[in-house]
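Visitor: Starting off with a structure, shown below.
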Amino acid sequence: MRLWLPLSIIAAWAFLAIFLPLFSLTPDAIDLTNILAPPSLEHWLGHDELGRPVADRLISGAQTSFFVSLCVVALGVSLGGILGVSSAYLSGWVDAVFVRMVDIMLAFPGLLLAIALAGALGPGIGNVILALGIVGWVGYARLARGQVLALKHADHVLAAQAIGAPPWRIIFHHLLPLIMAPLIVEASFGIAGAIIAEAGLSFLGLGVQPPAASWGSMIRDGTRYMLVAPHLVIFPGLTLMAVVLAANMLGDWLRDRLDVKEQTSR
């Protein structure tokens with residue numbers, strides 16, 4: 001697979017999000033003379049219904065999606081990884097309770113549960129991160145639990161138990177490092193899912209609030225002017241598709257590179 005294309009898209013997305021303050025952008029500047037103005041040589045992506053430059057708002061929205069996706073994945077990996085590893089290692093009633101809790105969480109569709117949580121918590125970027133993090137930790141926990149169940153009887157773990165190493169030391173020093181590869185792969189796909197989920201919540205009005213920019217809210221606002229200004233939907237939609245596709249392609253590459261069985265069979 002040609003890796004340069006998804007890497008270039010992800011690198012550009014991260015660069016624009018991180019170094020946004022260095023650019024002299026005006027995503028919230030209203031210009032009534034340019035309302036619904038189409039793309040031109042001066043403004044390549046045109047203006048929206050308030051005369052704001054679409055290009056500047058796309059870059060501002062990149063920062064929103066980058067910040068939300070990283071925070072959601074970090075929360076999910078840390079919470080799910082620790083809970084899954086601890087449950088599998090301690091086993092017994094702890095593992096039984098944990099499995100039932102995971103089953104209850106999986107009984108609800110993830111996006112619908114996130115919508116319900118975001119609606120209960122109220123709109124805002126912090127509540128979006130919290131809602132998506134509460135929903136997203138389950139997948140990482142199941143993956144970590146399955147990996148630890150296969151590793152808890154390994155020789156180095158039994159040796160650590162024999163010399164009296166405390167459980168926390170075994171978990172953090174002997175188990176977590178060995179399951180980081182599958183967690184990293186899962187996290188790469190989780191970034192794509194978090195971007196889509198944030199855009200969906202913003203589309204419904206439960207994400208970032210005006211005048212802050214989000215790709216989902218830009219698509220929502222642009223749907224009212226599809227016949228006269230289709231660029232308001234086309235450009236944020238293509239940007240969202242490109243970043244999500246690049247994240248998934250990067251996840252596929254990481255899965256192939258970090259798969260021990262795949263590497264040993266070559």
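Labels for the structure tokens follow display order: chains A, B, ..., residues from 1 in each chain, ligands from 1.
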Counting only C-alpha atoms, what is within 9 Å of Val97 in chain A, bar same-chain residues fewer than 5 positions away, as a CSV table (one decimal) with all heavy atoms, in the first residue's frame?
Guide:
chain,number,residue,atom,x,y,z
A,87,SER,N,-9.1,-6.7,35.0
A,87,SER,CA,-10.1,-7.7,35.1
A,87,SER,C,-9.6,-9.1,34.7
A,87,SER,O,-9.9,-10.1,35.4
A,87,SER,CB,-11.3,-7.3,34.1
A,87,SER,OG,-12.2,-8.3,34.0
A,92,GLY,N,-11.9,-14.2,38.6
A,92,GLY,CA,-12.9,-14.4,39.7
A,92,GLY,C,-14.1,-13.5,39.5
A,92,GLY,O,-14.5,-13.2,38.4
A,102,VAL,N,-19.6,-4.8,30.6
A,102,VAL,CA,-19.3,-4.7,29.1
A,102,VAL,C,-20.4,-5.1,28.3
A,102,VAL,O,-20.8,-4.5,27.3
A,102,VAL,CB,-18.0,-5.4,28.8
A,102,VAL,CG1,-17.8,-5.5,27.3
A,102,VAL,CG2,-16.8,-4.8,29.4
Visitor: Taking the backbone alone, and naming residues the way the document does, which bits of range 2-204 of chain A are helix (DSSP H, G or I) by DSSP, as a VMD selection string?
Guide: chain A and resid 4 to 18 20 to 22 32 to 34 54 to 90 92 to 106 110 to 121 125 to 151 155 to 162 167 to 203
Visitor: Just the residues within 9 Å of Phe67 in chain A, please, counting only C-alpha atoms, with nothing from its chain fewer than 4 positions along; format it as number ranges by chain.
Guide: A: 17-18, 62-63, 71-72
Visitor: Mind writing the picked residues with all heavy atoms as a CSV table (one decimal), in the first residue's frame?
Guide:
chain,number,residue,atom,x,y,z
A,17,ALA,N,-3.9,21.7,12.7
A,17,ALA,CA,-4.6,21.8,14.0
A,17,ALA,C,-3.7,22.3,15.1
A,17,ALA,O,-4.1,23.1,15.9
A,17,ALA,CB,-5.1,20.4,14.3
A,18,ILE,N,-2.4,21.9,15.0
A,18,ILE,CA,-1.5,22.2,16.1
A,18,ILE,C,-1.0,23.7,16.0
A,18,ILE,O,-0.9,24.4,16.9
A,18,ILE,CB,-0.3,21.3,16.1
A,18,ILE,CG1,-0.8,19.9,16.5
A,18,ILE,CG2,0.8,21.8,17.1
A,18,ILE,CD1,0.3,18.8,16.4
A,62,ALA,N,-10.6,21.6,11.6
A,62,ALA,CA,-9.5,20.6,11.8
A,62,ALA,C,-9.0,20.5,13.2
A,62,ALA,O,-8.7,19.5,13.7
A,62,ALA,CB,-8.4,20.8,10.8
A,63,GLN,N,-8.8,21.7,13.8
A,63,GLN,CA,-8.4,21.7,15.2
A,63,GLN,C,-9.4,21.1,16.1
A,63,GLN,O,-9.0,20.3,17.0
A,63,GLN,CB,-8.1,23.2,15.6
A,63,GLN,CG,-7.5,23.3,17.0
A,63,GLN,CD,-7.2,24.7,17.4
A,63,GLN,OE1,-8.2,25.5,17.4
A,63,GLN,NE2,-6.0,25.1,17.7
A,71,CYS,N,-8.2,13.3,22.4
A,71,CYS,CA,-8.7,13.1,23.8
A,71,CYS,C,-9.6,11.9,24.0
A,71,CYS,O,-9.4,11.2,25.0
A,71,CYS,CB,-9.4,14.4,24.2
A,71,CYS,SG,-8.4,15.9,24.4
A,72,VAL,N,-10.5,11.7,23.0
A,72,VAL,CA,-11.4,10.5,23.1
A,72,VAL,C,-10.6,9.2,23.1
A,72,VAL,O,-10.8,8.3,23.9
A,72,VAL,CB,-12.4,10.5,22.0
A,72,VAL,CG1,-13.2,9.2,21.9
A,72,VAL,CG2,-13.4,11.7,22.2
Visitor: Taking only C-alpha atoms into account, which of A:Val208, A:Ala120, A:Tyr89, A:Phe189 comes nearest His153 in chain A?
Guide: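 When distances to His153 in chain A are compared using only C-alpha atoms, the smallest one comes from A:Tyr89.
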Visitor: Determine the nearest neighbour of Gly205 in chain A from the options A:Pro177, A:Pro167, A:Val68, A:Ile115, counting only C-alpha atoms.
Guide: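 Answer, going by the shortest atom-to-atom distance: A:Ile115.
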Visitor: I want to know what sits within 6 Å of range 217-225 of chain A, based on only C-alpha atoms, with residues of the same chain fewer than 4 positions away left out; could you give that as a VMD selection string?
Guide: chain A and resid 202 to 203 229 232 to 233
Visitor: Print the selection's residues with N, CA, C and O atoms to a file, as a CSV table (one decimal), in the first residue's frame.
Guide:
chain,number,residue,atom,x,y,z
A,202,SER,N,-21.9,17.2,16.2
A,202,SER,CA,-22.0,18.6,15.9
A,202,SER,C,-23.1,18.8,14.8
A,202,SER,O,-23.7,19.8,14.8
A,203,PHE,N,-23.3,17.8,13.9
A,203,PHE,CA,-24.3,17.9,12.9
A,203,PHE,C,-25.7,18.0,13.6
A,203,PHE,O,-26.6,18.7,13.1
A,229,ALA,N,-25.7,27.0,-3.1
A,229,ALA,CA,-24.3,27.1,-2.7
A,229,ALA,C,-23.9,25.7,-2.3
A,229,ALA,O,-23.6,25.4,-1.1
A,232,LEU,N,-20.8,24.6,0.2
A,232,LEU,CA,-20.9,24.6,1.7
A,232,LEU,C,-20.9,23.2,2.3
A,232,LEU,O,-20.6,23.0,3.4
A,233,VAL,N,-21.4,22.3,1.5
A,233,VAL,CA,-21.5,20.9,1.9
A,233,VAL,C,-20.3,20.1,1.3
A,233,VAL,O,-19.8,19.2,1.9
Visitor: Kindly assemble as a tab-separated table a list of the range 175-237 of chain A residues that lie within 8 Å of range 245-253 of chain A, each paired with its nearest atom pair and their distance in Å to one decimal, using only C-alpha atoms, sorted first by chain and then by ascending residue number.
Guide:
residue	atom	partner	partner_atom	distance
A:Val185	CA	A:Gly251	CA	5.8
A:Glu186	CA	A:Gly251	CA	7.7
A:Ser188	CA	A:Gly251	CA	5.1
A:Phe189	CA	A:Gly251	CA	5.7
A:Ile191	CA	A:Ala247	CA	6.9
A:Ala192	CA	A:Ala247	CA	5.6
Visitor: Pick out the residues sitting within 12 Å of Leu83 in chain A, and hand them over as a ChimeraX atom specification; count only C-alpha atoms, and ignore anything fewer than 2 positions along from it in its own chain.
Guide: /A:75-81,85-91,94-95,97-99,101-102,137-146,148,171,176
Visitor: Identify, on the basis of only C-alpha atoms, every residue whose closest approach to Ala12 in chain A does not exceed 12 Å; exclude the query and any residue fewer than 3 positions from it along the same chain; express the result as number ranges by chain.
Guide: A: 4-9, 15-20, 59, 62-63, 66, 239, 242-243, 246
Visitor: Using only C-alpha atoms for the distances, tell me which of A:Asp56, A:Trp93, A:Gly133, A:Leu3 is nearest to Trp44 in chain A.
Guide: A:Asp56
Visitor: Report the distance between CA of Asn34 in chain A and CA of Ile196 in chain A in Å, rounded to one decimal place.
Guide: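 That distance, rounded to one decimal, is 29.9 Å.
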Visitor: Could you list, as a PyMOL selection string, every residue within 10 Å of Gly119 in chain A, counting only C-alpha atoms and ignoring same-chain residues fewer than 5 positions away?
Guide: chain A and resi 113-114+127-128+131+201+204-207
Visitor: Can you measure CA of His173 in chain A to CA of Leu132 in chain A for me? One decimal in Å is fine.
Guide: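 One can read the CA of His173 in chain A to CA of Leu132 in chain A distance as 28.7 Å.
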Visitor: Would you mind telling me which residue in A:Ile10, A:Ala55, A:Ala74, A:Leu112 lies nearest to Val135 in chain A when using only C-alpha atoms?
Guide: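 Using only C-alpha atoms, the shortest distance to Val135 in chain A belongs to A:Leu112.
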Visitor: Which value, in Å to one decimal, gives the distance between CA of Gly126 in chain A and CA of Leu22 in chain A?
Guide: 24.0 Å
